Structure formats: C-alpha cells, structure tokens
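Trainee: Got a structure for you, written out below as structure tokens; questions coming shortly.
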Amino acid sequence: MYVAGVGMTKVDRHYDKGFQELVYLAVKNLLNDVKEYSPQAIVVGNMMSSSLYQQDSLAAVVTDAVGLRGKGGFKVEAACGSGGHAIAAGYALIASGLYDQVLVVGVEKMSDYPTSVVTLALAQASDFEHEAIYGASFAALNALAMRLYMHKYEAKREDLALWPVRMHEHGSQNPYAQLRNRITVEDVMKSAVIADPIRLMDSAPIGDGAAAVLLTSEDVVRKLTDTPIQVAGVGLGSDGLDLASREDLLKPISIVVASEKAYKMAGIEPKQIDVAEIHDAFTITALLSIEGMGFASFGEAWKLIREGRFVAGDKPSLNLSGGLKARGHPVGATGVYQVAEVVMQLRGDFPGVKISKAEIGAAMNTGGVATLTSIIILKR
Amino acid sequence: MKISPARVWREKNARYRLEGGRCKRCGKLFYPPKTACPYCGCLEVEKTELPKRGKVLSFAIEHGVPEGFRHQAPIIVALIELENGVKVVSTLTDVNPEEVYIGMSVEATLRRIWEESDEGIIIYGIKFIPTE
C-alpha cells in the first residue's frame with residue numbers, strides 16, 4: 001500500500017470558505033502532486049460537521065466538491081483523531097482488495113462560532129454524561145493530566161513552555177501553518193488562562209482546514225507517481241472514554257497499544273523513526289504522546305525536550321510542521337495533515353523545516369484525552 | 001435543544017447517589033458505572049454505592065467555559081480519589097479557586113450541575129466541597 005500524492009489547504013480562519021471550498025483547494029494541490037488520478041472511493045475524516053453545521057452525509061459533500069459524484073464513501077469520526085482513523089479506513093478498503101485507489105480527505109470548519117460554542121462541541125470528545133455535563137471543557141480535562149504530570153514528575157511550569165516555543169518556531173517556516181509568529185517562554189507564561197495550568201499558548205488554535213491523501217495499491221502506484229511512499233504500519237488503540245476509570249492518567253494505553261501494533265506491522269522499533277508528527281493539542285498531549293510512543297520513558301519527555309532533543313535532525317525529529325500548536329488543529333482534518341507532512345518529509349519536499357534522507361516516518365493522531373489513537377508508519 | 005427527562009432519569013443513581021460498578025470476576029470498583037469491567041473485560045458487573053469522602057488528586061481552574069456555563073465560571077474541575085480508591089471526575093464548589101490543593105479532603109454534595117435551556121429541566125448531580 002502506498003501514498004501516491006498529498007495536498008493541503010493552509011489552516012486559517014477561512015470566513016470565505018465552507019466545507020467544499022476547503023476540500024477543493026486541498027484536492028487541487030493533490031492533483032499537482034500526481035501524474036493521474038481516478039479514486040474509486042472517498043473516506044472523510046471529520047468531527048464536528050454534525051454538532052456545529054447540522055451536516056451529515058459528509059462524503060457526498062466531498063464528492064461533489066471535487067467532481068467525483070457517483071463514487072461511494074463515508075465519514076469517519078474519532079473526535080480530534082478522526083483524520084488518522086480515516087487513513088486507517090482507507091487503508092482497509094485497499095488492503096481488502098475492494099478498491100485500488102482511495103481518496104482520504106480530512107476537513108473541519110470551526111471558525112464560524114464563538115469560542116464557547118466550539119468549546120461545548122469539542123467537549124463531546126469526552127464522556128458527556130459524566131464529565132462535560134458538569135461544564136468540564138476539553139482543556140480542563142487535559143489540565144487535570146498536566147497538573148498531575150507536573151506534580152508527579154516534579155516538572156516546572158516553565159519547563160512545559162519550551163514545547164510551544166519550538167512549535168511556533170517550526171510553524172513560522174511552514175506556509176500551511178495557521179500561526180506563523182515566533183513566541184518566547186515569557187509569552188507562554190503570560191498568556192491568558194484557559195483552564196489553569198493550561199494557558200492559551202499551551203493550546204492549539206481554532207481554525208479551518210482540509211488535507212487530502214491518495215492511497216493506492218502497489219499494482220497501480222507507478223502510474224500515479226515516481227515518488228511513492230509506503231504505508232508500512234497501521235495501529236489503533238483506545239482508552240477509557242472518561243478519565244476517572246483510567247488506572248493511570250499519565251500512561252494512555254491507547255497510544256501504547258496503537259504503537260505496538262504499528263511498529264510490529266512495520267517491523268521497526270521506535271528508535272528507528274527519523275521523523276514524526278505527533279498530536280500536541282495541548283503541551284501535555286505532546287508529553288504523553290512522546291512517552292506513549294516509546295521516544296522517552298514515562299516521566300522523562302519534559303527533561304529530554306529541555307535538553308534539546310527532538311529538534312530537526314535528531315532521531316526522531318518531531319513536529320517540523322509546527323504541530324497542532326502552530327500548524328493548527330482543524331480537529332477532524334489534523335490526522336490527514338500529519339500523514340501529508342510526513343510523506344513530504346520522506347520525499348524531501350516539505351516546504352518548511354525539513355530533514356534530509358529520512359527513511360522512516362510516523363503520524364500519531366488522537367481524539368479525546370488520548371482516548372482513540374491511530375499511528376501510521378510510512379517508509380520511503 | 002432540550003434534554004429529554006428520560007435521559008436525565010436513567011442516570012439518577014450514578015449522578016445523585018454516586019453509584020458505580022463492581023466487577024464480579026476481578027472485584028475491582030469503578031466510576032462511572034459501565035456494563036463491562038474496564039479492567040478485565042468481564043461482562044458480569046453489579047451496581048454499588050461509593051463512599052462520599054475523598055481527596056483531590058488533580059484539579060483545573062477552568063475560565064474558558066462551554067456555552068451555557070458562563071454563570072458558573074470559573075469552574076473547578078477535579079479528579080477525586082474516594083476513600084476506597086475509586087476515582088471520580090467532578091467539580092468543586094463552596095471554595096475559592098486559590099485555596100484548592102492536591103491532597104485536599106472533600107466530600108460529596110448534591111447540587112445543580114446544568115441548566116441546558118430556560119425552559120428545560122434542571123440537571124442535578126454530585127459536586128464536592130472541602131471538609132476542613
């Protein structure tokens with residue numbers, strides 16, 4: 001199984017664009033990335049078309065947006081992890097032999113509503129009847145994990161400000177990123193409190209976006225591209241919908257389980273990964289992801305970041321796009337952006353911070369507080 | 001949107017009495033109640049009422065609140081460990097946000113948790129207050 005081509009729309013507050021215009025731009029970019037294109041089915045990653053836009057049947061919105069009326073498809077929802085799970089579903093459609101070209105699109109519109117309305121829609125990623133119904137926001141639930149992390153591992157608040165500073169540095173060089181300004185540790189420490197200890201600059205911004213990935217079987221990939229990237233591993237995992245019943249909030253089993261499956265399928269160990277895009281909706285999510293994927297022992301990720309690990313050229317280089325923090329997080333589209341970015345890193349044509357001669361890449365996307373995780377391993 | 005009374009009614013034991021679950025195989029307790037054991041996967045679980053006292057394991061002072069919760073801001077969201085070790089996510093009330101700390105002793109109290117609309121039903125549930 002291969003990725004034949006990718007396309008992205010810049011993440012932004014696109015007041016002049018709806019679902020179809022965002023998808024159209026991403027697919028137009030994908031068309032410039034392949035020699036020919038005739039997908040037989042569509043999979044859409046999206047979280048909030050139903051809760052914010054009263055729009056279901058989203059695959060039909062996508063097919064009409066890009067001239068593919070008649071082709072079948074469906075939407076995949078796994079909260080903020082919808083995009084990565086859409087890639088997994090597309091993989092399955094091809095691996096089963098049902099189709100040999102599947103277009104996976106991630107799309108999200110978030111900017112039309114006030115923050116409080118988006119906050120309520122995002123809270124649907126948690127256990128609504130036992131968490132969100134108390135007014136607990138998604139940021140507050142992540143803040144429970146962040147405070148516990150700092151308390152248990154004796155990390156200072158300033159230590160956890162280093163990650164967003166680095167993400168903005170990367171984002172400043174990525175033309176597809178929503179936030180392209182550089183920031184300092186002081187900026188993070190002084191930014192508005194969202195859910196203490198989480199501040200505005202620990203959090204991914206609200207934005208709109210779409211990304212597209214064309215998956216193909218080995219039989220047809222050479223007709224479509226001269227630079228195919230292999231999908232070498234796919235792994236999925238879940239944790240408790242609610243946080244209360246989790247045995248250890250700082251060891252998300254969804255990430256551990258998804259990693260083990262994806263690494264085994266690809267025949268690799270985490271230390272072999274050259275480049276990865278990980279899910280950093282909040283700074284704490286980055287730390288849990290780094291540890292859950294085996295790039296650091298539990299409780300050590302913050303120290304390694306402070307020591308300068310995971311920068312461009314390190315193994316692995318993490319979030320050279322700017323991550324969710326700076327590239328942006330159009331929630332259900334994010335997992336598809338990550339796969340597109342890792343594909344470009346492996347081909348050597350990512351238009352921002354890039355590394356040379358990367359052979360193995362990973363895209364890690366999760367919904368909820370690491371509740372539903374997908375990991376995709378890509379090889380040059 | 002107006003929440004159906006049945007939706008609130010069927011959660012009454014968990015939300016008013018802090019009723020959780022006990023696995024008939026591994027014996028572990030958990031909250032909120034589930035139809036299967038979250039730890040061993042056993043499908044035979046029974047309901048059990050949980051203790052009403054515990055301590056704060058972690059907390060967040062939430063200023064950016066969801067639509068409909070503006071009048072409650074800031075909301076103190078807390079992860080609480082009950083006396084028997086079962087954990088609960090709820091909110092703290094009758095306490096200043098600056099006075100909350102990890103390890104603080106708290107006990108359950110029945111309060112309003114959500115008024116979804118001007119015309120709909122008022123939803124009650126368990127919040128926690130300091131015992132000191």
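Within each chain, counting starts at residue 1; across the structure tokens, chains are named A, B, ... in the order shown, with ligands numbered 1 upward in that order.
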Taking the DSSP assignment computed from this structure's backbone, write out as a PyMOL selection string all residues of chain B that belong to strand (DSSP E).

Mentor: chain B and resi 19-23+29-30+45-49+53-62+75-82+87-92+105-115+122-130

Trainee: Please check the contacts: residues of chain B at most 10 Å away from chain A, using only C-alpha atoms, listed as a ChimeraX atom specification.

Mentor: /B:7-8,11,14-15,29-34,37-39,57-70,72-81,86-91,102,112-116,123-127

Trainee: Taking the backbone alone, and naming residues the way the document does, which bits of chain B are helix (DSSP H, G or I) by DSSP, as a ChimeraX atom specification?

Mentor: /B:5-9,12-17,70-72,97-99

Trainee: Go through B:Lys55, B:Arg111, B:His71, B:Lys47 one by one, measure the shortest atom-to-atom distance of each to Cys23 of chain B using only C-alpha atoms, and give the residue with the smallest value.

Mentor: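 Of B:Lys55, B:Arg111, B:His71, B:Lys47, the one nearest Cys23 of chain B is B:Lys47, counting only C-alpha atoms.
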
Trainee: Show me, as a PDB file with N, CA and C atoms, in the first residue's frame, the residues that have an atom within 8 Å of Lys24 of chain B when counting only C-alpha atoms, minus same-chain residues fewer than 5 positions from it.

Mentor:
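Saved as result-v3.pdb:
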```
ATOM      1  N   CYS B  42     -14.703  -8.334  31.848  1.00  0.00           N
ATOM      2  CA  CYS B  42     -15.808  -9.217  32.246  1.00  0.00           C
ATOM      3  C   CYS B  42     -17.157  -8.526  32.022  1.00  0.00           C
ATOM      4  N   GLU B  44     -19.948  -9.374  33.511  1.00  0.00           N
ATOM      5  CA  GLU B  44     -20.808  -9.505  34.698  1.00  0.00           C
ATOM      6  C   GLU B  44     -20.369  -8.471  35.732  1.00  0.00           C
ATOM      7  N   VAL B  45     -21.130  -7.390  35.814  1.00  0.00           N
ATOM      8  CA  VAL B  45     -20.816  -6.342  36.795  1.00  0.00           C
ATOM      9  C   VAL B  45     -22.079  -6.017  37.571  1.00  0.00           C
ATOM     10  N   GLU B  46     -21.908  -5.512  38.792  1.00  0.00           N
ATOM     11  CA  GLU B  46     -23.072  -5.126  39.599  1.00  0.00           C
ATOM     12  C   GLU B  46     -22.907  -3.679  40.060  1.00  0.00           C
TER      13      GLU B  46
END
```

Trainee: With only C-alpha atoms as the counted atoms, please give the residues lying no more than 7 Å from segment 180-191 of chain A, apart from itself and same-chain residues fewer than 2 positions off, as a PyMOL selection string.

Mentor: chain A and resi 158+161-162+165+168-169+171-172+177-178+193+199-201+326

Trainee: Write the selection just made, keeping N, CA, C and O atoms, as a PDB file, in the first residue's frame?

Mentor:
```
ATOM      1  N   GLU A 158       7.534  26.404  33.695  1.00  0.00           N
ATOM      2  CA  GLU A 158       8.379  26.961  32.631  1.00  0.00           C
ATOM      3  C   GLU A 158       8.924  25.860  31.717  1.00  0.00           C
ATOM      4  O   GLU A 158       9.092  26.067  30.514  1.00  0.00           O
ATOM      5  N   ALA A 161       6.775  25.131  28.961  1.00  0.00           N
ATOM      6  CA  ALA A 161       6.557  26.213  27.991  1.00  0.00           C
ATOM      7  C   ALA A 161       7.523  26.101  26.804  1.00  0.00           C
ATOM      8  O   ALA A 161       7.372  26.805  25.805  1.00  0.00           O
ATOM      9  N   LEU A 162       8.512  25.218  26.914  1.00  0.00           N
ATOM     10  CA  LEU A 162       9.519  25.113  25.855  1.00  0.00           C
ATOM     11  C   LEU A 162       8.937  24.519  24.571  1.00  0.00           C
ATOM     12  O   LEU A 162       9.323  24.903  23.470  1.00  0.00           O
ATOM     13  N   VAL A 165       7.040  27.047  22.332  1.00  0.00           N
ATOM     14  CA  VAL A 165       8.005  27.982  21.721  1.00  0.00           C
ATOM     15  C   VAL A 165       8.631  27.328  20.485  1.00  0.00           C
ATOM     16  O   VAL A 165       8.728  27.941  19.413  1.00  0.00           O
ATOM     17  N   HIS A 168       6.095  27.067  17.544  1.00  0.00           N
ATOM     18  CA  HIS A 168       5.906  28.315  16.800  1.00  0.00           C
ATOM     19  C   HIS A 168       7.105  28.593  15.897  1.00  0.00           C
ATOM     20  O   HIS A 168       6.946  29.139  14.804  1.00  0.00           O
ATOM     21  N   GLU A 169       8.303  28.226  16.358  1.00  0.00           N
ATOM     22  CA  GLU A 169       9.488  28.385  15.515  1.00  0.00           C
ATOM     23  C   GLU A 169       9.338  27.556  14.231  1.00  0.00           C
ATOM     24  O   GLU A 169       9.584  28.048  13.121  1.00  0.00           O
ATOM     25  N   GLY A 171       6.461  26.413  12.990  1.00  0.00           N
ATOM     26  CA  GLY A 171       5.304  26.914  12.260  1.00  0.00           C
ATOM     27  C   GLY A 171       5.621  28.164  11.446  1.00  0.00           C
ATOM     28  O   GLY A 171       5.042  28.398  10.379  1.00  0.00           O
ATOM     29  N   SER A 172       6.558  28.962  11.960  1.00  0.00           N
ATOM     30  CA  SER A 172       6.894  30.219  11.271  1.00  0.00           C
ATOM     31  C   SER A 172       7.470  29.957   9.882  1.00  0.00           C
ATOM     32  O   SER A 172       7.440  30.834   9.020  1.00  0.00           O
ATOM     33  N   ALA A 177       0.901  26.666   7.838  1.00  0.00           N
ATOM     34  CA  ALA A 177       0.608  26.801   9.269  1.00  0.00           C
ATOM     35  C   ALA A 177      -0.321  27.974   9.545  1.00  0.00           C
ATOM     36  O   ALA A 177      -0.238  29.019   8.898  1.00  0.00           O
ATOM     37  N   GLN A 178      -1.188  27.801  10.549  1.00  0.00           N
ATOM     38  CA  GLN A 178      -2.087  28.895  10.956  1.00  0.00           C
ATOM     39  C   GLN A 178      -1.332  29.976  11.717  1.00  0.00           C
ATOM     40  O   GLN A 178      -1.559  31.163  11.499  1.00  0.00           O
ATOM     41  N   VAL A 193      -5.226  32.550  30.774  1.00  0.00           N
ATOM     42  CA  VAL A 193      -5.504  31.243  31.364  1.00  0.00           C
ATOM     43  C   VAL A 193      -6.783  30.681  30.745  1.00  0.00           C
ATOM     44  O   VAL A 193      -7.825  31.327  30.759  1.00  0.00           O
ATOM     45  N   ARG A 199      -2.633  27.347  29.572  1.00  0.00           N
ATOM     46  CA  ARG A 199      -2.824  28.714  29.074  1.00  0.00           C
ATOM     47  C   ARG A 199      -3.058  28.684  27.570  1.00  0.00           C
ATOM     48  O   ARG A 199      -2.886  27.660  26.920  1.00  0.00           O
ATOM     49  N   LEU A 200      -3.425  29.857  27.055  1.00  0.00           N
ATOM     50  CA  LEU A 200      -3.735  29.965  25.628  1.00  0.00           C
ATOM     51  C   LEU A 200      -2.613  29.395  24.772  1.00  0.00           C
ATOM     52  O   LEU A 200      -2.848  28.671  23.812  1.00  0.00           O
ATOM     53  N   MET A 201      -1.363  29.704  25.134  1.00  0.00           N
ATOM     54  CA  MET A 201      -0.251  29.291  24.286  1.00  0.00           C
ATOM     55  C   MET A 201       0.236  27.868  24.565  1.00  0.00           C
ATOM     56  O   MET A 201       1.221  27.430  23.983  1.00  0.00           O
ATOM     57  N   ALA A 326       1.002  25.058  16.245  1.00  0.00           N
ATOM     58  CA  ALA A 326       1.265  26.182  15.336  1.00  0.00           C
ATOM     59  C   ALA A 326       0.766  25.932  13.914  1.00  0.00           C
ATOM     60  O   ALA A 326       0.205  26.833  13.294  1.00  0.00           O
TER      61      ALA A 326
END
```

Trainee: Tell me which of B:Glu132, B:Glu83, B:Asp118, B:Glu49 sits closest to Met104 of chain B, counting only C-alpha atoms.

Mentor: B:Glu132

Trainee: Using only C-alpha atoms, which protein or nucleic acid residues come within 7 Å of segment 202-204 of chain A? Drop anything in the same chain fewer than 3 positions from it, and give the result as a compact mmCIF listing (two decimals) with C-alpha atoms, in the first residue's frame.

Mentor:
```
# COMPACT_ATOMS: atom_id res chain seq x y z
CA PRO A 164 5.06 25.64 22.29
CA ILE A 198 -3.27 25.31 30.68
CA ARG A 199 -2.82 28.71 29.07
CA ALA A 281 -3.43 19.70 21.06
CA PHE A 282 -2.01 20.83 24.41
CA THR A 283 1.57 20.71 25.68
CA LEU A 324 -1.17 21.16 16.24
CA LYS A 325 0.08 24.09 18.30
CA ALA A 326 1.27 26.18 15.34
CA GLY A 328 -3.12 24.40 13.60
CA HIS A 329 -5.71 21.83 14.57
```

Trainee: Hey, which of A:Tyr263, A:Phe310, A:Tyr176, A:Phe298 ends up closest to Tyr337 of chain A? Count only C-alpha atoms.

Mentor: A:Tyr176
